[in-house]
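Undergrad: Structure file model_24.cif (mmCIF, C-alpha atoms) is given on the next line.
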```cif
data_protein
loop_
_atom_site.group_PDB
_atom_site.id
_atom_site.type_symbol
_atom_site.label_atom_id
_atom_site.label_comp_id
_atom_site.auth_asym_id
_atom_site.auth_seq_id
_atom_site.Cartn_x
_atom_site.Cartn_y
_atom_site.Cartn_z
ATOM 1 C CA MET A 1 149.580 86.424 97.050
ATOM 2 C CA THR A 2 147.454 88.184 99.627
ATOM 3 C CA ARG A 3 146.096 86.498 102.708
ATOM 4 C CA HIS A 4 142.574 87.757 103.406
ATOM 5 C CA SER A 5 140.892 87.988 106.783
ATOM 6 C CA GLN A 6 139.369 84.512 106.272
ATOM 7 C CA GLY A 7 142.885 83.133 105.884
ATOM 8 C CA ILE A 8 142.314 82.479 102.190
ATOM 9 C CA GLU A 9 144.969 83.288 99.638
ATOM 10 C CA THR A 10 143.678 84.844 96.466
ATOM 11 C CA PRO A 11 145.533 85.582 93.269
ATOM 12 C CA ASP A 12 146.793 89.089 93.051
ATOM 13 C CA THR A 13 149.662 89.016 90.635
ATOM 14 C CA PHE A 14 147.750 91.426 88.449
ATOM 15 C CA THR A 15 147.159 93.460 91.593
ATOM 16 C CA GLU A 16 150.892 93.527 92.228
ATOM 17 C CA ILE A 17 151.488 94.881 88.726
ATOM 18 C CA LEU A 18 148.922 97.619 89.343
ATOM 19 C CA GLU A 19 150.411 98.448 92.742
ATOM 20 C CA GLU A 20 153.870 98.795 91.242
ATOM 21 C CA MET A 21 152.497 100.906 88.403
ATOM 22 C CA ASN A 22 150.699 103.191 90.858
ATOM 23 C CA GLN A 23 153.896 103.586 92.839
ATOM 24 C CA GLU A 24 156.070 104.224 89.795
ATOM 25 C CA GLY A 25 153.680 106.739 88.256
ATOM 26 C CA GLY A 26 152.314 108.212 91.475
ATOM 27 C CA PHE A 27 148.769 107.299 90.422
ATOM 28 C CA TYR A 28 145.753 107.586 92.732
ATOM 29 C CA ARG A 29 144.324 104.210 91.749
ATOM 30 C CA SER A 30 144.035 101.799 88.872
ATOM 31 C CA VAL A 31 141.913 98.903 87.718
ATOM 32 C CA LEU A 32 142.182 96.119 85.174
ATOM 33 C CA ALA A 33 138.903 94.869 83.703
ATOM 34 C CA THR A 34 137.515 92.671 80.945
ATOM 35 C CA SER A 35 135.905 94.175 77.847
ATOM 36 C CA GLU A 36 132.536 93.639 79.568
ATOM 37 C CA GLY A 37 133.654 95.780 82.520
ATOM 38 C CA LEU A 38 134.191 92.927 84.957
ATOM 39 C CA PRO A 39 137.042 93.746 87.349
ATOM 40 C CA ILE A 40 140.098 91.483 87.119
ATOM 41 C CA ALA A 41 142.218 93.355 89.661
ATOM 42 C CA SER A 42 142.488 96.780 91.228
ATOM 43 C CA ALA A 43 144.871 98.794 93.351
ATOM 44 C CA PRO A 44 144.187 99.766 96.057
ATOM 45 C CA GLU A 45 142.704 96.323 96.305
ATOM 46 C CA GLU A 46 139.017 97.060 96.923
ATOM 47 C CA PRO A 47 137.227 96.174 93.680
ATOM 48 C CA ASP A 48 136.473 99.400 91.868
ATOM 49 C CA GLN A 49 133.379 98.504 89.876
ATOM 50 C CA GLU A 50 132.474 102.135 89.160
ATOM 51 C CA LEU A 51 135.851 102.981 87.695
ATOM 52 C CA ALA A 52 135.808 99.741 85.695
ATOM 53 C CA SER A 53 132.340 100.445 84.286
ATOM 54 C CA ALA A 54 133.168 104.078 83.533
ATOM 55 C CA MET A 55 136.341 103.264 81.685
ATOM 56 C CA ILE A 56 134.796 100.484 79.629
ATOM 57 C CA ALA A 57 131.903 102.754 78.642
ATOM 58 C CA MET A 58 134.392 105.432 77.624
ATOM 59 C CA LEU A 59 136.548 103.014 75.666
ATOM 60 C CA GLN A 60 133.575 101.507 73.869
ATOM 61 C CA LYS A 61 132.041 104.835 72.927
ATOM 62 C CA VAL A 62 135.094 106.909 72.142
ATOM 63 C CA GLY A 63 137.742 104.380 71.216
ATOM 64 C CA VAL A 64 136.148 101.431 69.525
ATOM 65 C CA GLU A 65 133.444 103.399 67.676
ATOM 66 C CA THR A 66 135.932 105.986 66.449
ATOM 67 C CA GLN A 67 138.214 103.239 65.270
ATOM 68 C CA ASP A 68 135.363 101.574 63.378
ATOM 69 C CA HIS A 69 133.983 104.754 61.828
ATOM 70 C CA LEU A 70 137.322 106.181 60.749
ATOM 71 C CA SER A 71 138.951 102.836 59.915
ATOM 72 C CA LEU A 72 141.817 103.589 62.249
ATOM 73 C CA ALA A 73 144.278 101.089 63.697
ATOM 74 C CA PRO A 74 143.242 99.464 67.006
ATOM 75 C CA VAL A 75 142.959 101.972 69.829
ATOM 76 C CA ASP A 76 145.903 101.899 72.215
ATOM 77 C CA GLU A 77 144.954 104.635 74.661
ATOM 78 C CA VAL A 78 142.070 106.951 75.494
ATOM 79 C CA THR A 79 142.656 109.800 77.934
ATOM 80 C CA ILE A 80 140.360 112.296 79.611
ATOM 81 C CA ARG A 81 141.790 115.410 81.267
ATOM 82 C CA THR A 82 139.783 117.221 83.910
ATOM 83 C CA GLU A 83 139.781 120.984 84.567
ATOM 84 C CA GLU A 84 142.054 120.277 87.508
ATOM 85 C CA LYS A 85 144.496 118.575 85.125
ATOM 86 C CA GLU A 86 143.969 115.061 86.454
ATOM 87 C CA HIS A 87 143.984 112.345 83.817
ATOM 88 C CA LEU A 88 141.877 109.244 83.427
ATOM 89 C CA VAL A 89 144.033 107.012 81.235
ATOM 90 C CA CYS A 90 142.686 103.844 79.619
ATOM 91 C CA ARG A 91 144.888 101.387 77.741
ATOM 92 C CA THR A 92 143.578 98.423 75.784
ATOM 93 C CA ILE A 93 145.448 95.107 75.884
ATOM 94 C CA PRO A 94 144.643 92.321 73.390
ATOM 95 C CA SER A 95 143.657 88.970 74.858
ATOM 96 C CA GLY A 96 143.006 86.334 72.221
ATOM 97 C CA LYS A 97 139.993 87.473 70.202
ATOM 98 C CA ASP A 98 139.046 89.844 73.003
ATOM 99 C CA TRP A 99 140.727 92.634 74.940
ATOM 100 C CA VAL A 100 141.143 93.798 78.501
ATOM 101 C CA CYS A 101 141.437 97.329 79.723
ATOM 102 C CA LEU A 102 143.867 98.993 82.103
ATOM 103 C CA CYS A 103 142.755 102.268 83.600
ATOM 104 C CA ALA A 104 144.557 104.662 85.931
ATOM 105 C CA LEU A 105 143.646 107.903 87.672
ATOM 106 C CA VAL A 106 146.660 110.168 87.348
ATOM 107 C CA PRO A 107 147.248 113.261 89.508
ATOM 108 C CA PRO A 108 148.026 116.629 87.854
ATOM 109 C CA GLY A 109 151.529 116.987 86.471
ATOM 110 C CA GLN A 110 152.412 113.287 86.553
ATOM 111 C CA TYR A 111 153.797 111.468 83.527
ATOM 112 C CA TYR A 112 152.005 108.218 82.961
ATOM 113 C CA ARG A 113 153.098 106.707 79.660
ATOM 114 C CA ARG A 114 156.224 104.889 80.833
ATOM 115 C CA ALA A 115 154.548 103.392 83.902
ATOM 116 C CA THR A 116 151.481 102.257 81.953
ATOM 117 C CA ASN A 117 153.667 100.893 79.125
ATOM 118 C CA ARG A 118 155.544 98.707 81.566
ATOM 119 C CA ALA A 119 152.302 97.488 83.174
ATOM 120 C CA VAL A 120 150.714 96.750 79.766
ATOM 121 C CA ARG A 121 153.738 94.686 78.765
ATOM 122 C CA ARG A 122 153.674 92.682 81.999
ATOM 123 C CA ILE A 123 149.910 92.130 81.891
ATOM 124 C CA ARG A 124 150.145 90.930 78.287
ATOM 125 C CA GLU A 125 152.909 88.513 79.271
ATOM 126 C CA MET A 126 150.850 87.202 82.164
ATOM 127 C CA ILE A 127 147.808 86.635 79.959
ATOM 128 C CA GLU A 128 149.800 84.955 77.198
ATOM 129 C CA GLU A 129 152.083 82.725 79.291
ATOM 130 C CA MET B 1 135.703 60.004 85.335
ATOM 131 C CA ASN B 2 134.428 59.928 81.774
ATOM 132 C CA GLN B 3 131.611 57.450 82.318
ATOM 133 C CA GLY B 4 131.934 54.822 79.620
ATOM 134 C CA LEU B 5 133.413 57.238 77.091
ATOM 135 C CA HIS B 6 136.400 55.962 75.165
ATOM 136 C CA ILE B 7 138.504 59.040 74.663
ATOM 137 C CA PRO B 8 142.026 58.827 73.240
ATOM 138 C CA GLU B 9 144.621 59.412 75.945
ATOM 139 C CA GLU B 10 146.355 62.113 73.912
ATOM 140 C CA LEU B 11 143.109 64.096 73.570
ATOM 141 C CA LEU B 12 142.411 63.798 77.287
ATOM 142 C CA ASP B 13 145.942 64.990 78.076
ATOM 143 C CA ARG B 14 145.407 68.099 75.983
ATOM 144 C CA ILE B 15 142.077 68.813 77.668
ATOM 145 C CA ASP B 16 143.621 68.237 81.115
ATOM 146 C CA HIS B 17 146.478 70.580 80.259
ATOM 147 C CA ILE B 18 144.108 73.395 79.243
ATOM 148 C CA LEU B 19 141.981 72.940 82.370
ATOM 149 C CA ALA B 20 145.050 72.793 84.627
ATOM 150 C CA HIS B 21 146.317 76.027 83.127
ATOM 151 C CA LEU B 22 142.928 77.674 83.703
ATOM 152 C CA ALA B 23 142.870 76.423 87.300
ATOM 153 C CA GLU B 24 146.326 77.840 87.928
ATOM 154 C CA LYS B 25 145.748 81.222 86.304
ATOM 155 C CA ALA B 26 142.270 81.883 87.695
ATOM 156 C CA HIS B 27 142.881 80.132 91.032
ATOM 157 C CA THR B 28 139.665 78.175 90.805
ATOM 158 C CA ASP B 29 138.466 75.555 93.283
ATOM 159 C CA SER B 30 137.437 73.010 90.689
ATOM 160 C CA ILE B 31 136.700 72.740 86.998
ATOM 161 C CA VAL B 32 134.596 70.182 85.151
ATOM 162 C CA LEU B 33 134.400 69.740 81.406
ATOM 163 C CA ALA B 34 131.273 67.866 80.426
ATOM 164 C CA ASP B 35 129.442 67.201 77.218
ATOM 165 C CA ILE B 36 126.121 68.902 76.621
ATOM 166 C CA SER B 37 124.224 65.862 77.972
ATOM 167 C CA GLY B 38 126.079 66.097 81.285
ATOM 168 C CA GLN B 39 128.665 63.341 80.908
ATOM 169 C CA VAL B 40 131.902 64.238 82.657
ATOM 170 C CA ILE B 41 134.944 64.362 80.369
ATOM 171 C CA SER B 42 137.591 65.867 82.645
ATOM 172 C CA ILE B 43 137.980 67.313 86.146
ATOM 173 C CA GLN B 44 140.492 69.610 87.788
ATOM 174 C CA GLY B 45 140.514 70.094 91.539
ATOM 175 C CA VAL B 46 139.009 68.037 94.297
ATOM 176 C CA MET B 47 135.363 66.995 94.548
ATOM 177 C CA ASP B 48 133.621 64.308 96.569
ATOM 178 C CA GLU B 49 132.924 61.107 94.709
ATOM 179 C CA GLY B 50 129.731 61.381 92.713
ATOM 180 C CA THR B 51 129.677 65.170 92.937
ATOM 181 C CA PRO B 52 131.177 65.888 89.507
ATOM 182 C CA ALA B 53 128.535 63.740 87.803
ATOM 183 C CA VAL B 54 125.731 65.524 89.621
ATOM 184 C CA VAL B 55 127.290 68.954 89.039
ATOM 185 C CA ALA B 56 127.685 68.172 85.324
ATOM 186 C CA ALA B 57 124.125 66.892 85.008
ATOM 187 C CA LEU B 58 122.671 69.937 86.791
ATOM 188 C CA ALA B 59 124.850 72.263 84.722
ATOM 189 C CA ALA B 60 123.615 70.554 81.551
ATOM 190 C CA GLY B 61 120.053 71.253 82.663
ATOM 191 C CA ASP B 62 120.944 74.867 83.411
ATOM 192 C CA VAL B 63 122.632 75.366 80.065
ATOM 193 C CA ALA B 64 119.690 73.805 78.222
ATOM 194 C CA ALA B 65 117.262 76.053 80.083
ATOM 195 C CA MET B 66 119.379 79.148 79.395
ATOM 196 C CA SER B 67 119.729 78.252 75.702
ATOM 197 C CA GLU B 68 115.972 77.902 75.393
ATOM 198 C CA LEU B 69 115.428 81.112 77.331
ATOM 199 C CA SER B 70 117.847 82.895 74.983
ATOM 200 C CA ASN B 71 115.979 81.493 71.982
ATOM 201 C CA ARG B 72 112.677 82.711 73.383
ATOM 202 C CA ILE B 73 113.927 86.271 73.689
ATOM 203 C CA GLY B 74 115.249 86.188 70.133
ATOM 204 C CA GLU B 75 118.918 85.644 70.854
ATOM 205 C CA SER B 76 120.401 84.183 67.672
ATOM 206 C CA ASP B 77 123.468 82.633 69.333
ATOM 207 C CA PRO B 78 122.376 80.949 72.556
ATOM 208 C CA HIS B 79 125.826 79.451 73.191
ATOM 209 C CA GLY B 80 126.939 81.994 75.750
ATOM 210 C CA SER B 81 128.041 81.899 79.327
ATOM 211 C CA PHE B 82 126.500 82.760 82.646
ATOM 212 C CA PHE B 83 127.501 82.732 86.252
ATOM 213 C CA HIS B 84 125.937 82.348 89.645
ATOM 214 C CA GLU B 85 127.368 84.516 92.384
ATOM 215 C CA GLY B 86 127.220 82.777 95.748
ATOM 216 C CA GLU B 87 128.113 83.954 99.232
ATOM 217 C CA THR B 88 131.230 81.795 99.503
ATOM 218 C CA LYS B 89 131.482 80.084 96.120
ATOM 219 C CA SER B 90 130.429 81.052 92.648
ATOM 220 C CA ILE B 91 129.878 79.049 89.477
ATOM 221 C CA TYR B 92 130.694 80.045 85.924
ATOM 222 C CA LEU B 93 129.198 78.022 83.072
ATOM 223 C CA HIS B 94 130.281 78.343 79.473
ATOM 224 C CA ASN B 95 128.476 76.598 76.636
ATOM 225 C CA ILE B 96 131.169 75.564 74.147
ATOM 226 C CA ALA B 97 129.745 75.460 70.622
ATOM 227 C CA GLY B 98 126.512 73.883 71.857
ATOM 228 C CA SER B 99 128.284 70.581 72.486
ATOM 229 C CA PHE B 100 130.292 70.961 75.693
ATOM 230 C CA ILE B 101 130.050 72.763 79.010
ATOM 231 C CA LEU B 102 132.893 74.279 80.955
ATOM 232 C CA ILE B 103 131.977 74.454 84.639
ATOM 233 C CA VAL B 104 134.224 76.590 86.821
ATOM 234 C CA ILE B 105 133.738 76.748 90.587
ATOM 235 C CA PHE B 106 135.612 79.479 92.424
ATOM 236 C CA ARG B 107 135.637 81.322 95.712
ATOM 237 C CA SER B 108 133.563 84.472 95.816
ATOM 238 C CA GLU B 109 136.618 86.603 96.698
ATOM 239 C CA THR B 110 138.112 85.754 93.314
ATOM 240 C CA PRO B 111 137.287 88.566 90.891
ATOM 241 C CA ILE B 112 134.783 87.377 88.311
ATOM 242 C CA GLY B 113 136.764 89.200 85.629
ATOM 243 C CA LEU B 114 139.802 87.043 86.371
ATOM 244 C CA VAL B 115 137.779 83.851 85.900
ATOM 245 C CA ARG B 116 136.038 85.225 82.816
ATOM 246 C CA LEU B 117 139.352 86.314 81.233
ATOM 247 C CA PHE B 118 141.055 82.954 81.541
ATOM 248 C CA ALA B 119 137.896 80.883 80.981
ATOM 249 C CA LYS B 120 137.417 82.609 77.620
ATOM 250 C CA ARG B 121 141.044 81.884 76.761
ATOM 251 C CA ALA B 122 140.526 78.244 77.759
ATOM 252 C CA VAL B 123 137.384 78.017 75.632
ATOM 253 C CA GLU B 124 139.310 79.347 72.612
ATOM 254 C CA GLN B 125 141.861 76.587 73.159
ATOM 255 C CA LEU B 126 139.218 73.932 73.847
ATOM 256 C CA LEU B 127 137.198 74.633 70.695
ATOM 257 C CA PRO B 128 139.477 72.782 68.242
ATOM 258 C CA VAL B 129 140.006 70.000 70.783
ATOM 259 C CA THR B 130 136.282 69.486 71.286
ATOM 260 C CA GLU B 131 135.768 69.452 67.507
ATOM 261 C CA GLU B 132 138.347 66.688 67.322
ATOM 262 C CA PHE B 133 136.605 64.953 70.214
ATOM 263 C CA GLU B 134 133.312 64.974 68.311
ATOM 264 C CA GLU B 135 134.991 63.650 65.181
ATOM 265 C CA ILE B 136 136.360 60.704 67.146
ATOM 266 C CA VAL B 137 133.573 59.986 69.626
ATOM 267 C CA GLY B 138 130.611 61.435 67.729
ATOM 268 C CA PRO B 139 127.973 63.926 68.863
ATOM 269 C CA PRO B 140 126.650 63.490 72.426
ATOM 270 C CA ALA B 141 123.306 62.079 71.255
ATOM 271 C CA ASP B 142 125.115 59.185 69.542
ATOM 272 C CA TYR B 143 127.233 57.966 72.408
ATOM 273 C CA ALA B 144 125.290 58.701 75.615
ATOM 274 C CA PRO B 145 124.644 55.137 76.757
ATOM 275 C CA ASP B 146 121.501 54.035 78.531
ATOM 276 C CA ASP B 147 123.463 53.070 81.633
ATOM 277 C CA PHE B 148 124.771 56.636 81.848
ATOM 278 C CA ARG B 149 121.221 58.014 81.719
ATOM 279 C CA LYS B 150 120.063 55.524 84.343
ATOM 280 C CA GLY B 151 123.129 56.200 86.468
ATOM 281 C CA ILE B 152 122.751 59.952 86.451
ATOM 282 C CA THR B 153 119.023 59.686 87.126
ATOM 283 C CA GLN B 154 119.865 57.592 90.170
ATOM 284 C CA GLU B 155 122.542 60.110 91.297
ATOM 285 C CA LEU B 156 120.085 62.983 90.965
ATOM 286 C CA ASP B 157 117.364 61.054 92.779
ATOM 287 C CA ASP B 158 119.800 60.340 95.602
ATOM 288 C CA THR B 159 120.867 63.981 95.707
ATOM 289 C CA PHE B 160 117.349 65.342 95.968
ATOM 290 C CA THR B 161 116.120 62.798 98.477
ATOM 291 C CA GLU B 162 119.052 63.358 100.867
#
```
Could you write out this file's structure as structure tokens?

TA:
Amino acid sequence: MTRHSQGIETPDTFTEILEEMNQEGGFYRSVLATSEGLPIASAPEEPDQELASAMIAMLQKVGVETQDHLSLAPVDEVTIRTEEKEHLVCRTIPSGKDWVCLCALVPPGQYYRRATNRAVRRIREMIEE
Amino acid sequence: MNQGLHIPEELLDRIDHILAHLAEKAHTDSIVLADISGQVISIQGVMDEGTPAVVAALAAGDVAAMSELSNRIGESDPHGSFFHEGETKSIYLHNIAGSFILIVIFRSETPIGLVRLFAKRAVEQLLPVTEEFEEIVGPPADYAPDDFRKGITQELDDTFTE
């Protein structure tokens, strides 16, 4: 739990998972959002609406449409690599009939799969419990 | 809280359990489950006496207006959700199968995605329960008693003349 300036405690267990993932993987920042692009949590904690919207747009266009057109299994990960070798990694996590999306900005040369795997598992547990 | 409705205890317990879980996971201030006419079925969290009934009645009006608005713009399934973002508190309304309304009140610092995520999960769990509810109690039009209508009209009159 985080105590805000107004003295109000807000839920940030998802935020804690993201913080730990960022630390483990050395990520710049990460965000968890609904399939509509609404932020659920982010780390650092300032809501990152732009990153959330960008990743959902990418997942919808590249992931979900490709899956539909090619009759592939559900998309697990979509990654973009920049010229400077940074990665934008998006993982989908089922939630009932819907899904949520975990996205991380990864610096050049960093491995990300293990850290995101662990976070995906914990987020799924938290949603299902 | 359910004004004049005779709901089996076991059904109410299941509804309460789902709402309590939603309140815990999304850290909401209060949650009201009402039927589409605005009769309160269950409440989680603290509200002043009389407030849930007024909130439910106003939400029912909002949902009816939004359903009609959706129809007018050609939306085939008007049973969606919408939310009002306030400065300190926000409200999320979800129309459950055109028969019930889930009203979630939460602080504005709470991420809307968090509320949306767990509210959708709650609605998935509430759907079979509300179907059962309708089988037992009947559709809202059949059981909304006159004294409820008079009572809520009085509550609303009092609210708007304060």

Undergrad: Could you list, as a list in words, the residues of chain A having an atom within 9 Å of chain B when counting all atoms listed in the file?

TA: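 Listing them in order of chain and number gives Ile8, Thr10, Pro11, Leu32, Ala33, Thr34, Glu36, Gly37, Leu38, Pro39, Ile40, Ala41, Pro47, Ser95, Gly96, Lys97, Asp98, Val100, Met126 and Ile127 of chain A.
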
Undergrad: Evaluate the PyMOL selection byres ((chain A and resi 88) around 8) on the structure here and hand back the selected residues as a list of chain:residue names.

TA: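 Listing what the PyMOL selection byres ((chain A and resi 88) around 8) selects in the shown file: A:Thr79, A:Ile80, A:Arg81, A:Glu86, A:His87, A:Val89, A:Cys90, A:Cys103, A:Ala104, A:Leu105, A:Val106.
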
Undergrad: What does the PyMOL selection byres ((chain B and resi 82) around 8) select in this file, as number ranges by chain?

TA: B: 80-81, 83-84, 92-94

Undergrad: For each of A:Ala119, A:Leu70, A:Leu102, A:Val75, take the minimum atom-to-atom distance to Ser42 of chain A, counting only C-alpha atoms, then give the residue where this is smallest.

TA: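 Under the stated criterion, the closest residue is A:Leu102.
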
Undergrad: What gap, in Å, lies between atom CA of Glu77 of chain A and atom CA of Glu45 of chain A?

TA: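 So the answer is 23.3 Å.
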
Undergrad: Atom CA of Ala97 of chain B and atom CA of Gly61 of chain B, how far apart in Å?

TA: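 So the two atoms, atom CA of Gly61 of chain B and atom CA of Ala97 of chain B, lie 16.0 Å apart.
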
Undergrad: Just so the selection is clear, what residues does the PyMOL selection byres ((chain A and resi 23) around 12) cover here, as number ranges by chain?

TA: A: 16-22, 24-30, 43-44, 104, 106, 110, 112, 115-116, 119

Undergrad: Mind dumping the selected residues with C-alpha atoms as a short mmCIF file (atom, residue, chain, number, x, y, z; two decimals), in the coordinates of the input?

TA:
```cif
data_model
loop_
_atom_site.label_atom_id
_atom_site.label_comp_id
_atom_site.auth_asym_id
_atom_site.auth_seq_id
_atom_site.Cartn_x
_atom_site.Cartn_y
_atom_site.Cartn_z
CA GLU A 16 150.89 93.53 92.23
CA ILE A 17 151.49 94.88 88.73
CA LEU A 18 148.92 97.62 89.34
CA GLU A 19 150.41 98.45 92.74
CA GLU A 20 153.87 98.80 91.24
CA MET A 21 152.50 100.91 88.40
CA ASN A 22 150.70 103.19 90.86
CA GLU A 24 156.07 104.22 89.80
CA GLY A 25 153.68 106.74 88.26
CA GLY A 26 152.31 108.21 91.48
CA PHE A 27 148.77 107.30 90.42
CA TYR A 28 145.75 107.59 92.73
CA ARG A 29 144.32 104.21 91.75
CA SER A 30 144.04 101.80 88.87
CA ALA A 43 144.87 98.79 93.35
CA PRO A 44 144.19 99.77 96.06
CA ALA A 104 144.56 104.66 85.93
CA VAL A 106 146.66 110.17 87.35
CA GLN A 110 152.41 113.29 86.55
CA TYR A 112 152.00 108.22 82.96
CA ALA A 115 154.55 103.39 83.90
CA THR A 116 151.48 102.26 81.95
CA ALA A 119 152.30 97.49 83.17
#
```

Undergrad: I'd like the neighbourhood of Phe106 of chain B as a CSV table (one decimal) with C-alpha atoms, in the frame of the given file, where a residue qualifies if any of its atoms comes within 7 Å (using only C-alpha atoms), though same-chain residues fewer than 2 positions away should be ignored.

TA:
```csv
chain,number,residue,atom,x,y,z
B,28,THR,CA,139.7,78.2,90.8
B,29,ASP,CA,138.5,75.6,93.3
B,30,SER,CA,137.4,73.0,90.7
B,89,LYS,CA,131.5,80.1,96.1
B,90,SER,CA,130.4,81.1,92.6
B,91,ILE,CA,129.9,79.0,89.5
B,104,VAL,CA,134.2,76.6,86.8
B,108,SER,CA,133.6,84.5,95.8
B,110,THR,CA,138.1,85.8,93.3
```

Undergrad: What is the atom CA of Ser37 of chain B to atom CA of Gly86 of chain B distance in Å?

TA: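 Value for the atom CA of Ser37 of chain B-atom CA of Gly86 of chain B distance: 24.7 Å.
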
Undergrad: List the spatial neighbours of Phe100 of chain B as a PDB file with C-alpha atoms, keeping the file's coordinate frame - criterion: any atom at most 8 Å away, all atoms listed in the file, same-chain residues fewer than 5 positions off excluded.

TA:
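In the end it all went to result.pdb:
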```
ATOM      1  CA  LEU B  33     134.400  69.740  81.406  1.00  0.00           C
ATOM      2  CA  ALA B  34     131.273  67.866  80.426  1.00  0.00           C
ATOM      3  CA  ASP B  35     129.442  67.201  77.218  1.00  0.00           C
ATOM      4  CA  ILE B  36     126.121  68.902  76.621  1.00  0.00           C
ATOM      5  CA  ASN B  95     128.476  76.598  76.636  1.00  0.00           C
ATOM      6  CA  THR B 130     136.282  69.486  71.286  1.00  0.00           C
TER       7      THR B 130
END
```

Undergrad: Could you check the closest approach to Ala53 of chain B for each of B:Leu127, B:Leu69, B:Val32, B:Ile18 and tell me which residue wins, using only C-alpha atoms?

TA: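 For Ala53 of chain B, the nearest of the candidates is B:Val32.
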